[in-house]
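Dropping run_7.cif in here (mmCIF, C-alpha atoms):
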data_data
loop_
_atom_site.label_atom_id
_atom_site.label_comp_id
_atom_site.auth_asym_id
_atom_site.auth_seq_id
_atom_site.Cartn_x
_atom_site.Cartn_y
_atom_site.Cartn_z
CA MET A 9 0.00 0.00 0.00
CA GLU A 10 1.48 3.37 -1.01
CA ILE A 11 1.33 6.28 1.39
CA ALA A 12 -1.17 8.64 -0.22
CA LEU A 13 -0.55 11.82 1.79
CA PRO A 14 1.99 13.20 4.25
CA LEU A 15 1.02 13.00 7.91
CA PRO A 16 -1.09 15.97 9.07
CA ALA A 17 1.13 16.45 12.14
CA ARG A 18 4.37 18.15 11.20
CA GLU A 19 6.96 18.18 13.97
CA PRO A 20 10.13 20.26 13.37
CA LEU A 21 13.50 18.59 13.88
CA LEU A 22 14.96 20.05 17.07
CA PRO A 23 18.69 20.89 17.52
CA GLY A 24 20.76 17.71 17.74
CA GLU A 25 17.65 15.50 17.83
CA SER A 26 17.82 11.85 16.85
CA LEU A 27 15.51 10.43 14.19
CA THR A 28 14.07 7.99 16.75
CA SER A 29 13.02 10.95 18.88
CA LEU A 30 11.45 12.76 15.92
CA ILE A 31 9.47 9.65 14.97
CA ARG A 32 8.24 9.30 18.57
CA ARG A 33 7.16 12.95 18.79
CA THR A 34 5.37 12.71 15.44
CA SER A 35 3.61 9.56 16.58
CA ASN A 36 2.44 11.33 19.74
CA ALA A 37 1.23 14.32 17.73
CA MET A 38 -0.78 11.97 15.54
CA GLY A 39 -2.38 10.40 18.60
CA TYR A 40 -0.94 6.94 17.88
CA GLU A 41 -0.61 4.55 20.81
CA GLU A 42 3.01 3.79 19.88
CA PRO A 43 5.62 4.73 17.24
CA GLY A 44 5.21 1.26 15.71
CA ARG A 45 2.23 2.64 13.80
CA LEU A 46 4.55 4.75 11.64
CA ARG A 47 6.75 1.73 11.05
CA ALA A 48 3.69 -0.22 9.93
CA LEU A 49 2.85 2.49 7.37
CA LEU A 50 6.28 2.16 5.80
CA LYS A 51 6.47 -1.63 5.99
CA GLU A 52 3.70 -1.85 3.42
CA SER A 53 6.17 -0.78 0.74
CA VAL A 54 9.78 -0.88 2.04
CA GLU A 55 11.96 -2.83 4.46
CA VAL A 56 12.53 -0.65 7.53
CA PRO A 57 15.72 -0.95 9.66
CA ALA A 58 15.31 -2.25 13.19
CA HIS A 59 16.38 1.14 14.58
CA TRP A 60 15.31 4.50 13.14
CA ASN A 61 18.72 6.03 13.84
CA HIS A 62 20.24 3.55 11.36
CA VAL A 63 18.18 4.70 8.35
CA GLN A 64 20.46 5.28 5.36
CA ARG A 65 20.05 7.29 2.19
CA GLY A 66 17.64 5.43 -0.06
CA LEU A 67 14.03 4.37 -0.34
CA VAL A 68 13.24 4.45 3.40
CA ALA A 69 14.68 7.97 3.75
CA GLN A 70 12.71 9.05 0.68
CA ARG A 71 9.46 7.74 2.17
CA LEU A 72 10.18 9.43 5.48
CA GLU A 73 10.96 12.66 3.62
CA PHE A 74 7.48 12.54 2.12
CA LEU A 75 5.71 11.27 5.23
CA LEU A 76 7.28 13.72 7.73
CA ARG A 77 7.69 16.60 5.27
CA GLN A 78 11.38 16.82 6.18
CA SER A 79 14.23 17.00 3.68
CA GLN A 80 16.23 13.79 3.27
CA SER A 81 19.40 15.62 4.33
CA SER A 82 17.72 16.66 7.61
CA ILE A 83 16.59 13.08 8.21
CA LEU A 84 20.12 11.72 7.66
CA ILE A 85 21.67 14.33 9.97
CA ALA A 86 19.50 12.86 12.73
CA THR A 87 20.99 9.37 12.23
CA VAL A 88 24.32 7.79 13.17
CA HIS A 89 25.39 8.20 9.55
CA SER A 90 26.05 11.88 10.27
CA TYR A 91 29.22 10.54 11.99
CA ALA A 92 30.19 8.34 9.03
CA ALA A 93 33.03 10.48 7.69
CA ARG A 94 34.58 10.56 11.18
CA VAL A 95 34.22 6.93 12.31
CA MET A 96 34.12 4.82 9.11
CA LEU A 97 37.69 3.77 8.28
CA VAL A 98 38.58 4.23 4.61
CA ALA A 99 41.86 4.33 2.70
CA SER A 100 43.72 7.64 2.65
CA THR A 101 43.12 7.85 -1.11
CA ALA A 102 39.36 7.20 -0.87
CA GLU A 103 36.51 9.65 -0.43
CA PRO A 104 35.09 9.98 3.11
CA ALA A 105 32.32 7.51 3.90
CA THR A 106 28.71 8.70 3.76
CA SER A 107 27.19 5.87 5.81
CA CYS A 108 28.21 3.52 8.61
CA ASP A 109 28.15 -0.26 8.30
CA SER A 110 26.56 -2.39 11.03
CA LYS A 111 29.90 -3.31 12.63
CA THR A 112 30.89 0.33 13.01
CA ILE A 113 27.50 1.21 14.49
CA LEU A 114 27.91 -1.51 17.13
CA LYS A 115 31.39 -0.24 18.04
CA TYR A 116 30.54 3.41 18.52
CA PHE A 117 26.82 3.73 19.27
CA GLN A 118 24.38 2.49 21.89
CA SER A 119 21.24 1.53 19.97
CA SER A 120 19.29 -1.13 21.85
CA ASN A 121 18.99 0.90 25.08
CA PRO A 122 19.66 4.55 24.19
CA PRO A 123 20.40 6.60 27.34
CA ILE A 124 18.84 9.92 28.31
CA CYS A 125 19.65 12.95 30.47
CA PRO A 126 16.68 13.61 32.80
CA THR A 127 17.95 17.15 33.48
CA CYS A 128 17.85 18.02 29.77
CA LEU A 129 14.36 16.53 29.46
CA ALA A 130 13.21 18.62 32.45
CA GLU A 131 14.55 21.80 30.83
CA ASP A 132 13.10 21.09 27.37
CA ALA A 133 9.87 22.83 26.44
CA GLN A 134 9.22 19.65 24.45
CA PRO A 135 11.35 16.71 25.69
CA TYR A 136 13.46 15.04 23.01
CA GLU A 137 16.50 12.75 22.72
CA ARG A 138 19.86 13.97 21.43
CA LEU A 139 21.79 11.87 18.94
CA THR A 140 25.05 12.51 20.83
CA TRP A 141 23.68 10.65 23.86
CA SER A 142 24.11 7.38 21.95
CA LEU A 143 27.89 7.78 21.52
CA ARG A 144 29.46 4.97 23.58
CA ALA A 145 32.69 6.85 24.35
CA VAL A 146 30.82 9.77 25.96
CA PRO A 147 28.03 8.32 28.19
CA VAL A 148 27.47 11.62 29.99
CA CYS A 149 25.56 14.82 29.38
CA LEU A 150 28.26 17.33 28.53
CA GLN A 151 25.92 20.23 29.24
CA HIS A 152 25.19 19.24 32.83
CA SER A 153 28.15 16.88 33.57
CA HIS A 154 25.78 14.12 34.67
CA TYR A 155 25.91 10.41 33.89
CA LEU A 156 23.29 9.43 31.34
CA THR A 157 20.82 6.73 32.33
CA ASN A 158 19.36 3.89 30.26
CA ARG A 159 17.08 2.45 32.96
CA CYS A 160 13.92 3.64 34.60
CA PRO A 161 14.90 4.59 38.19
CA ASN A 162 11.53 3.32 39.41
CA CYS A 163 11.01 -0.10 37.78
CA GLN A 164 14.62 -0.66 36.58
CA ARG A 165 13.47 -1.59 33.08
CA ARG A 166 15.92 -0.72 30.34
CA LEU A 167 14.79 2.12 28.09
CA ARG A 168 13.65 0.95 24.69
CA PRO A 169 13.98 3.07 21.53
CA ASP A 170 10.39 2.16 20.55
CA ARG A 171 8.81 3.36 23.80
CA SER A 172 5.77 5.61 23.47
CA HIS A 173 6.98 8.63 25.45
CA THR A 174 10.39 10.26 25.71
CA ALA A 175 10.05 11.51 29.29
CA ALA A 176 7.88 8.82 30.87
CA CYS A 177 8.19 5.09 31.52
CA ARG A 178 5.29 2.70 30.98
CA CYS A 179 5.29 2.18 34.77
CA GLY A 180 4.22 5.82 35.06
CA PHE A 181 7.49 7.27 36.35
CA ASN A 182 8.44 10.70 34.97
CA PHE A 183 12.13 10.63 33.98
CA ARG A 184 12.35 14.38 34.63
CA ASP A 185 12.05 13.63 38.35
CA ALA A 186 15.02 11.25 38.35
CA GLN A 187 18.08 11.99 40.50
CA GLN A 188 21.38 12.02 38.60
CA LYS A 189 24.97 11.51 39.65
CA ALA A 190 27.51 14.14 38.72
CA VAL A 191 30.73 13.35 36.86
CA SER A 192 33.95 14.51 38.50
CA ILE A 193 35.45 17.69 37.08
CA PRO A 194 38.60 15.95 35.67
CA ALA A 195 36.47 13.23 34.02
CA ALA A 196 34.04 15.78 32.57
CA ARG A 197 36.96 17.79 31.17
CA LEU A 198 38.43 14.73 29.46
CA LEU A 199 35.05 13.58 28.13
CA LYS A 200 34.48 16.98 26.55
CA ARG A 201 37.82 16.58 24.79
CA ILE A 202 36.84 13.10 23.59
CA ASP A 203 33.61 14.52 22.18
CA ARG A 204 35.63 17.12 20.29
CA TRP A 205 37.88 14.36 18.95
CA PHE A 206 34.88 12.60 17.43
CA HIS A 207 34.08 15.87 15.69
CA GLY A 208 37.61 16.11 14.31
CA ASP A 209 38.77 18.87 16.66
CA ALA A 210 42.19 19.04 18.39
CA LEU A 211 43.18 15.39 17.84
CA PRO A 212 46.24 14.39 19.92
CA LEU A 213 47.56 12.37 16.95
CA HIS A 214 47.13 15.31 14.60
CA THR A 215 48.71 13.59 11.58
CA LEU A 216 45.84 11.07 11.48
CA PRO A 217 42.50 11.99 9.90
CA THR A 218 39.51 11.66 12.22
CA CYS A 219 38.32 8.33 10.76
CA ALA A 220 41.71 6.65 11.34
CA PHE A 221 42.10 8.26 14.75
CA SER A 222 38.63 7.09 15.87
CA TRP A 223 39.34 3.56 14.65
CA TRP A 224 42.67 3.35 16.54
CA PHE A 225 41.08 4.96 19.61
CA GLU A 226 38.41 2.26 19.70
CA ARG A 227 41.00 -0.50 19.21
CA LEU A 228 43.05 0.83 22.15
CA ALA A 229 39.92 1.03 24.32
CA SER A 230 39.23 -2.61 23.49
CA ALA A 231 42.82 -3.65 24.29
CA VAL A 232 42.79 -1.78 27.61
CA LYS A 233 40.06 -4.11 28.89
CA LYS A 234 42.76 -6.81 29.17
CA LEU A 235 44.43 -4.75 31.92
CA PRO A 236 42.01 -4.30 34.85
CA ASP A 237 44.72 -2.57 36.89
CA TRP A 238 44.96 0.23 34.35
CA ILE A 239 41.20 0.65 34.28
CA THR A 240 41.06 0.72 38.08
CA ARG A 241 43.78 3.36 38.27
CA THR A 242 41.93 5.53 35.77
CA ALA A 243 38.64 5.10 37.63
CA ASP A 244 40.31 6.08 40.91
CA ALA A 245 42.20 9.03 39.44
CA LEU A 246 39.09 10.46 37.77
CA SER A 247 36.66 9.44 40.55
CA ILE A 248 34.52 7.35 38.20
CA ASP A 249 31.37 6.19 39.98
CA SER A 250 30.88 2.44 40.37
CA SER A 251 27.48 2.75 38.67
CA ALA A 252 29.02 4.37 35.57
CA PRO A 253 28.77 2.53 32.23
CA GLU A 254 31.10 -0.47 32.13
CA ASP A 255 33.24 0.73 29.20
CA LEU A 256 33.67 4.34 30.35
CA ALA A 257 36.94 3.79 32.22
CA ALA A 258 38.36 1.86 29.25
CA TRP A 259 37.66 4.76 26.87
CA LEU A 260 39.16 7.23 29.36
CA THR A 261 42.26 5.04 29.78
CA ALA A 262 42.70 4.87 26.02
CA ALA A 263 42.33 8.66 25.87
CA ASP A 264 45.10 9.01 28.45
CA ILE A 265 47.36 6.79 26.31
CA LEU A 266 46.71 8.95 23.26
CA ASP A 267 47.30 12.15 25.23
CA GLY A 268 50.72 10.88 26.35
CA TRP A 269 51.72 9.45 22.95
CA PRO A 270 54.01 7.62 22.49
CA GLU A 271 55.48 7.30 26.01
CA ARG A 272 52.17 6.25 27.57
CA LEU A 273 51.72 3.70 24.77
CA PHE A 274 55.11 2.19 25.57
CA ALA A 275 54.23 1.96 29.28
CA PHE A 276 50.94 0.30 28.33
CA LEU A 277 52.71 -2.21 26.07
CA ASP A 278 55.12 -3.13 28.89
CA ASP A 279 52.13 -4.41 30.89
CA PHE A 280 49.97 -5.53 27.97
CA GLN A 281 52.48 -8.13 26.78
CA ARG A 282 52.36 -9.85 30.18
CA VAL A 283 48.65 -10.70 30.25
CA THR A 284 47.03 -13.74 28.66
CA LYS A 285 45.41 -12.92 25.33
CA HIS A 286 42.29 -14.38 23.79
CA ARG A 287 44.36 -16.94 21.85
CA THR A 288 46.01 -18.80 24.69
CA THR A 289 47.76 -21.26 22.35
CA ALA A 290 49.38 -18.53 20.29
CA THR A 291 53.14 -18.12 20.42
CA GLY A 292 55.62 -15.29 20.04
CA LEU A 293 54.44 -11.71 19.54
CA THR A 294 50.83 -12.72 18.99
CA ARG A 295 50.80 -14.04 22.52
CA SER A 296 52.43 -10.85 23.78
CA PHE A 297 50.57 -8.17 21.82
CA GLY A 298 47.35 -9.80 20.67
CA LEU A 299 45.83 -8.08 17.63
CA LEU A 300 47.49 -4.67 18.10
CA LEU A 301 50.35 -5.34 15.67
CA ARG A 302 48.02 -6.54 12.93
CA GLU A 303 45.64 -3.65 13.55
CA ALA A 304 48.47 -1.14 13.23
CA LYS A 305 49.59 -2.89 10.03
CA HIS A 306 46.02 -2.65 8.70
CA LEU A 307 46.04 1.10 9.28
CA GLU A 308 49.43 1.39 7.59
CA ASP A 309 48.19 -0.52 4.54
CA LEU A 310 45.39 2.05 4.25
CA GLY A 311 47.92 4.90 4.33
CA TYR A 312 48.09 5.76 8.04
CA SER A 313 51.50 4.76 9.42
CA LEU A 314 51.68 6.60 12.77
CA PRO A 315 50.56 3.68 15.05
CA ALA A 316 52.73 1.19 13.14
CA ASP A 317 55.75 3.48 13.42
CA ALA A 318 55.27 3.74 17.19
CA LEU A 319 54.95 -0.04 17.59
CA ARG A 320 58.06 -0.61 15.46
CA GLU A 321 59.94 1.82 17.69
CA TYR A 322 58.80 -0.09 20.75
CA LEU A 323 59.75 -3.48 19.33
CA THR A 324 63.20 -2.33 18.24
CA ASP A 325 64.12 -0.13 21.22
CA HIS A 326 62.05 -1.34 24.18
CA TYR A 327 60.95 -4.95 23.63
CA MET A 328 63.55 -7.25 25.20
CA ALA A 329 61.45 -10.27 26.10
CA GLY A 330 61.51 -12.14 22.83
CA HIS A 331 62.84 -12.59 19.31
CA VAL A 332 61.77 -10.12 16.61
CA THR A 333 62.25 -11.21 12.99
CA SER A 334 60.98 -10.35 9.53
CA LYS A 335 58.03 -12.68 10.20
CA VAL A 336 56.50 -9.95 12.38
CA CYS A 337 53.97 -8.22 10.14
CA LEU A 338 55.32 -4.73 10.85
CA PHE A 339 58.72 -5.77 9.42
CA PHE A 340 57.63 -7.59 6.26
CA LEU A 341 59.12 -4.92 4.00
CA LEU A 342 62.89 -4.88 3.61
CA PHE A 343 63.00 -1.18 4.47
CA PHE A 344 61.53 -1.86 7.91
CA PHE A 345 63.42 -5.13 8.45
CA LYS A 346 66.66 -3.16 8.31
CA LEU A 347 65.58 -1.46 11.54
CA LEU A 348 66.24 -4.77 13.30
CA GLU A 349 69.91 -4.83 12.35
CA SER A 350 70.87 -2.39 15.11
CA ARG A 351 68.58 -3.95 17.71
CA PRO A 352 70.26 -5.68 20.69
CA TRP A 353 69.94 -9.34 19.75
CA ILE A 354 68.64 -11.98 22.11
CA SER A 355 69.21 -15.65 21.37
CA LEU A 356 66.24 -17.99 21.15
CA THR A 357 67.48 -19.79 24.30
CA GLU A 358 67.59 -16.52 26.26
CA ALA A 359 64.16 -15.56 24.94
CA ASP A 360 62.71 -18.91 26.05
CA GLU A 361 64.14 -18.44 29.52
CA MET A 362 62.72 -14.92 29.79
#
Would you mind writing the file's structure down as structure tokens?
Amino acid sequence: MEIALPLPAREPLLPGESLTSLIRRTSNAMGYEEPGRLRALLKESVEVPAHWNHVQRGLVAQRLEFLLRQSQSSILIATVHSYAARVMLVASTAEPATSCDSKTILKYFQSSNPPICPTCLAEDAQPYERLTWSLRAVPVCLQHSHYLTNRCPNCQRRLRPDRSHTAACRCGFNFRDAQQKAVSIPAARLLKRIDRWFHGDALPLHTLPTCAFSWWFERLASAVKKLPDWITRTADALSIDSSAPEDLAAWLTAADILDGWPERLFAFLDDFQRVTKHRTTATGLTRSFGLLLREAKHLEDLGYSLPADALREYLTDHYMAGHVTSKVCLFFLLFFFKLLESRPWISLTEADEM
């Protein structure tokens, strides 16, 4: 069934609003019991993504453009794809990406239980969700320096993107009455910097474009989870609350490593090589450094050599616990293998003993 006419209710897109929020407000203005009614209208003719914030340029966006009387560019700005050029890794010779794939969305965005800031909702003339609240690396409201919440404080149900009301739970609790915990001043300061990084501003590794920087940032945050001591130190230093999102301290630890590049990276690698990796039967450098070497090589193959250069420096000048040869991916090329000629050599017997 084709949609004959646009919806009578026309809700303007508010500053920074997510598409999910716009759909919910339009549904309420139409008097629908739930936003699923709008999804049902579109399902008659197109396949709709599971989450409105994942809508890409194409037939669904065209139908929404007609239905909501919003331009397609406005609709796409309200989706995670507005971050595509900054988080989708592409080769240095390629054009910036215009949409995010599903793997990238899972890495950087919280979709299944999008968090909210009750203080923002209380201040809004018309409560709405911000797209930036879904960014995993910044699970706080930067305006009020409060932790975001993705549960109803009353019934403890997780917030669903398809709920009927932005500021109220189905149990009847008004989210605007919720008490929030403040973020410490040092943590808030660092999180504001991280937010700027995801917008391409003042990157600590300034020679990397934002897409490559974001990709390496996420890989470091993932690697940091192997070192609970580092995460604990960061949480203590920045007074991270125990109820804070699980990954927050990992992102902040990775940010600290990038801020102190490359010395902090070398200190991290000293400890990282001593913990058991996911492949317990692996030998050599794979056992010591997990996927970091291959991930740095992947970036270098795409035209971004800064992480690989730093890891090569560490392996040639700082790594004394094993044997480094041309079989290590970062030294495949003869030009880089020559760097090993001046490295203090350790025999295989000595390496086994160490």
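In this model, the gap between CA of Thr324 in chain A and CA of Leu273 in chain A comes to 14.5 Å.
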| Expected answer as a PyMOL selection string: all residues with atoms within 12 Å of (36.5, 13.9, 16.3), all atoms listed in the file | chain A and resi 91-96+143+145-146+199-214+216-223+225
| said: Give me the residues near Arg144 in chain A as a PyMOL selection string, where near means some atom within 6 Å (using only C-alpha atoms) and where sequence neighbours in that chain fewer than 6 positions away do not count. | reply: chain A and resi 116-118
Care to translate the PyMOL selection byres ((chain A and resi 60) around 12) into actual residues of this file, as a PDB file with C-alpha atoms, in the frame of the given file?
ATOM      1  CA  SER A  26      17.820  11.850  16.850  1.00  0.00           C
ATOM      2  CA  LEU A  27      15.510  10.430  14.190  1.00  0.00           C
ATOM      3  CA  THR A  28      14.070   7.990  16.750  1.00  0.00           C
ATOM      4  CA  SER A  29      13.020  10.950  18.880  1.00  0.00           C
ATOM      5  CA  LEU A  30      11.450  12.760  15.920  1.00  0.00           C
ATOM      6  CA  ILE A  31       9.470   9.650  14.970  1.00  0.00           C
ATOM      7  CA  ARG A  32       8.240   9.300  18.570  1.00  0.00           C
ATOM      8  CA  PRO A  43       5.620   4.730  17.240  1.00  0.00           C
ATOM      9  CA  GLY A  44       5.210   1.260  15.710  1.00  0.00           C
ATOM     10  CA  LEU A  46       4.550   4.750  11.640  1.00  0.00           C
ATOM     11  CA  ARG A  47       6.750   1.730  11.050  1.00  0.00           C
ATOM     12  CA  LEU A  50       6.280   2.160   5.800  1.00  0.00           C
ATOM     13  CA  GLU A  55      11.960  -2.830   4.460  1.00  0.00           C
ATOM     14  CA  VAL A  56      12.530  -0.650   7.530  1.00  0.00           C
ATOM     15  CA  PRO A  57      15.720  -0.950   9.660  1.00  0.00           C
ATOM     16  CA  ALA A  58      15.310  -2.250  13.190  1.00  0.00           C
ATOM     17  CA  HIS A  59      16.380   1.140  14.580  1.00  0.00           C
ATOM     18  CA  ASN A  61      18.720   6.030  13.840  1.00  0.00           C
ATOM     19  CA  HIS A  62      20.240   3.550  11.360  1.00  0.00           C
ATOM     20  CA  VAL A  63      18.180   4.700   8.350  1.00  0.00           C
ATOM     21  CA  GLN A  64      20.460   5.280   5.360  1.00  0.00           C
ATOM     22  CA  VAL A  68      13.240   4.450   3.400  1.00  0.00           C
ATOM     23  CA  ALA A  69      14.680   7.970   3.750  1.00  0.00           C
ATOM     24  CA  LEU A  72      10.180   9.430   5.480  1.00  0.00           C
ATOM     25  CA  ILE A  83      16.590  13.080   8.210  1.00  0.00           C
ATOM     26  CA  LEU A  84      20.120  11.720   7.660  1.00  0.00           C
ATOM     27  CA  ALA A  86      19.500  12.860  12.730  1.00  0.00           C
ATOM     28  CA  THR A  87      20.990   9.370  12.230  1.00  0.00           C
ATOM     29  CA  VAL A  88      24.320   7.790  13.170  1.00  0.00           C
ATOM     30  CA  HIS A  89      25.390   8.200   9.550  1.00  0.00           C
ATOM     31  CA  SER A 119      21.240   1.530  19.970  1.00  0.00           C
ATOM     32  CA  SER A 120      19.290  -1.130  21.850  1.00  0.00           C
ATOM     33  CA  PRO A 122      19.660   4.550  24.190  1.00  0.00           C
ATOM     34  CA  LEU A 139      21.790  11.870  18.940  1.00  0.00           C
ATOM     35  CA  PRO A 169      13.980   3.070  21.530  1.00  0.00           C
ATOM     36  CA  ASP A 170      10.390   2.160  20.550  1.00  0.00           C
TER      37      ASP A 170
END
Please evaluate the PyMOL selection byres ((chain A and resi 124-128) around 6) against the displayed coordinates and give the resulting residues as an mmCIF file with C-alpha atoms, keeping the file's coordinate frame.
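Ended up saving to out.cif:
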data_model
loop_
_atom_site.group_PDB
_atom_site.id
_atom_site.type_symbol
_atom_site.label_atom_id
_atom_site.label_comp_id
_atom_site.auth_asym_id
_atom_site.auth_seq_id
_atom_site.Cartn_x
_atom_site.Cartn_y
_atom_site.Cartn_z
ATOM 1 C CA PRO A 123 20.400 6.600 27.340
ATOM 2 C CA LEU A 129 14.360 16.530 29.460
ATOM 3 C CA ALA A 130 13.210 18.620 32.450
ATOM 4 C CA GLU A 131 14.550 21.800 30.830
ATOM 5 C CA LEU A 156 23.290 9.430 31.340
ATOM 6 C CA THR A 157 20.820 6.730 32.330
ATOM 7 C CA PHE A 183 12.130 10.630 33.980
ATOM 8 C CA ARG A 184 12.350 14.380 34.630
#
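Computed from the coordinates, the CA of Leu67 in chain A to CA of Arg171 in chain A distance equals 24.7 Å.
Across the model, the gap from CA of Ile265 in chain A to CA of Thr242 in chain A is 11.0 Å.
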| Hits from the PyMOL selection byres ((chain A and resi 164-166) around 10), listed as a list in words | Ser120, Asn121, Pro122, Pro123, Thr157, Asn158, Arg159, Cys160, Pro161, Asn162, Cys163, Leu167, Arg168, Pro169, Cys177, Arg178 and Cys179 of chain A
| request: Considering all atoms listed in the file, state which residue in the set A:Gln80, A:Thr140, A:Thr261, A:Ser334 is at the smallest distance from Ser230 in chain A. | output: A:Thr261
| request: Please determine the residues with any atom at most 10 Å from (42.9, 0.2, 20.4) (coordinates as given in the file, with all atoms listed in the file counting) and report them as a PyMOL selection string. | output: chain A and resi 221-233+259+262+265-266+299-300+303-304+315
So which residues touch Pro16 in chain A within 12 Å, counting all atoms listed in the file, skipping near sequence neighbours fewer than 2 positions away, as a compact mmCIF listing (two decimals) with C-alpha atoms, keeping the file's coordinate frame?
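selection_11.txt, freshly written:
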# COMPACT_ATOMS: atom_id res chain seq x y z
CA ALA A 12 -1.17 8.64 -0.22
CA LEU A 13 -0.55 11.82 1.79
CA PRO A 14 1.99 13.20 4.25
CA ARG A 18 4.37 18.15 11.20
CA GLU A 19 6.96 18.18 13.97
CA THR A 34 5.37 12.71 15.44
CA SER A 35 3.61 9.56 16.58
CA ALA A 37 1.23 14.32 17.73
CA MET A 38 -0.78 11.97 15.54
CA GLY A 39 -2.38 10.40 18.60
CA PHE A 74 7.48 12.54 2.12
CA LEU A 75 5.71 11.27 5.23
CA LEU A 76 7.28 13.72 7.73
CA ARG A 77 7.69 16.60 5.27
| task | Mind checking which residues fall within 12 Å of Phe339 in chain A, counting only C-alpha atoms, ignoring those fewer than 6 positions away in the same chain, and posting them as number ranges by chain? | result | A: 301-302, 304-305, 308, 316-317, 319-321, 323-324, 332-333, 345-349
Since the input lacks atoms, please generate all heavy atoms for range 82-87 of chain A and provide them as a PDB file, in the frame of the given file.
ATOM      1  N   SER A  82      18.036  16.455   6.192  1.00  0.00           N
ATOM      2  CA  SER A  82      17.720  16.660   7.610  1.00  0.00           C
ATOM      3  C   SER A  82      17.505  15.327   8.310  1.00  0.00           C
ATOM      4  O   SER A  82      17.934  15.136   9.459  1.00  0.00           O
ATOM      5  CB  SER A  82      16.468  17.525   7.748  1.00  0.00           C
ATOM      6  OG  SER A  82      16.673  18.815   7.220  1.00  0.00           O
ATOM      7  N   ILE A  83      16.846  14.403   7.630  1.00  0.00           N
ATOM      8  CA  ILE A  83      16.590  13.080   8.210  1.00  0.00           C
ATOM      9  C   ILE A  83      17.908  12.363   8.471  1.00  0.00           C
ATOM     10  O   ILE A  83      18.121  11.770   9.532  1.00  0.00           O
ATOM     11  CB  ILE A  83      15.686  12.258   7.284  1.00  0.00           C
ATOM     12  CG1 ILE A  83      14.258  12.829   7.300  1.00  0.00           C
ATOM     13  CG2 ILE A  83      15.674  10.788   7.677  1.00  0.00           C
ATOM     14  CD1 ILE A  83      13.339  12.228   6.287  1.00  0.00           C
ATOM     15  N   LEU A  84      18.846  12.434   7.519  1.00  0.00           N
ATOM     16  CA  LEU A  84      20.120  11.720   7.660  1.00  0.00           C
ATOM     17  C   LEU A  84      21.010  12.359   8.718  1.00  0.00           C
ATOM     18  O   LEU A  84      21.789  11.671   9.377  1.00  0.00           O
ATOM     19  CB  LEU A  84      20.835  11.674   6.312  1.00  0.00           C
ATOM     20  CG  LEU A  84      20.128  10.853   5.230  1.00  0.00           C
ATOM     21  CD1 LEU A  84      20.847  10.975   3.902  1.00  0.00           C
ATOM     22  CD2 LEU A  84      20.029   9.388   5.647  1.00  0.00           C
ATOM     23  N   ILE A  85      20.908  13.664   8.919  1.00  0.00           N
ATOM     24  CA  ILE A  85      21.670  14.330   9.970  1.00  0.00           C
ATOM     25  C   ILE A  85      21.262  13.818  11.343  1.00  0.00           C
ATOM     26  O   ILE A  85      22.067  13.800  12.290  1.00  0.00           O
ATOM     27  CB  ILE A  85      21.474  15.862   9.887  1.00  0.00           C
ATOM     28  CG1 ILE A  85      22.265  16.420   8.697  1.00  0.00           C
ATOM     29  CG2 ILE A  85      21.903  16.558  11.169  1.00  0.00           C
ATOM     30  CD1 ILE A  85      22.036  17.888   8.442  1.00  0.00           C
ATOM     31  N   ALA A  86      20.020  13.357  11.458  1.00  0.00           N
ATOM     32  CA  ALA A  86      19.500  12.860  12.730  1.00  0.00           C
ATOM     33  C   ALA A  86      19.811  11.392  12.964  1.00  0.00           C
ATOM     34  O   ALA A  86      19.339  10.803  13.935  1.00  0.00           O
ATOM     35  CB  ALA A  86      17.987  13.085  12.799  1.00  0.00           C
ATOM     36  N   THR A  87      20.627  10.773  12.099  1.00  0.00           N
ATOM     37  CA  THR A  87      20.990   9.370  12.230  1.00  0.00           C
ATOM     38  C   THR A  87      22.488   9.229  12.529  1.00  0.00           C
ATOM     39  O   THR A  87      23.248  10.205  12.432  1.00  0.00           O
ATOM     40  CB  THR A  87      20.676   8.586  10.942  1.00  0.00           C
ATOM     41  OG1 THR A  87      21.596   8.993   9.902  1.00  0.00           O
ATOM     42  CG2 THR A  87      19.244   8.844  10.479  1.00  0.00           C
TER      43      THR A  87
END
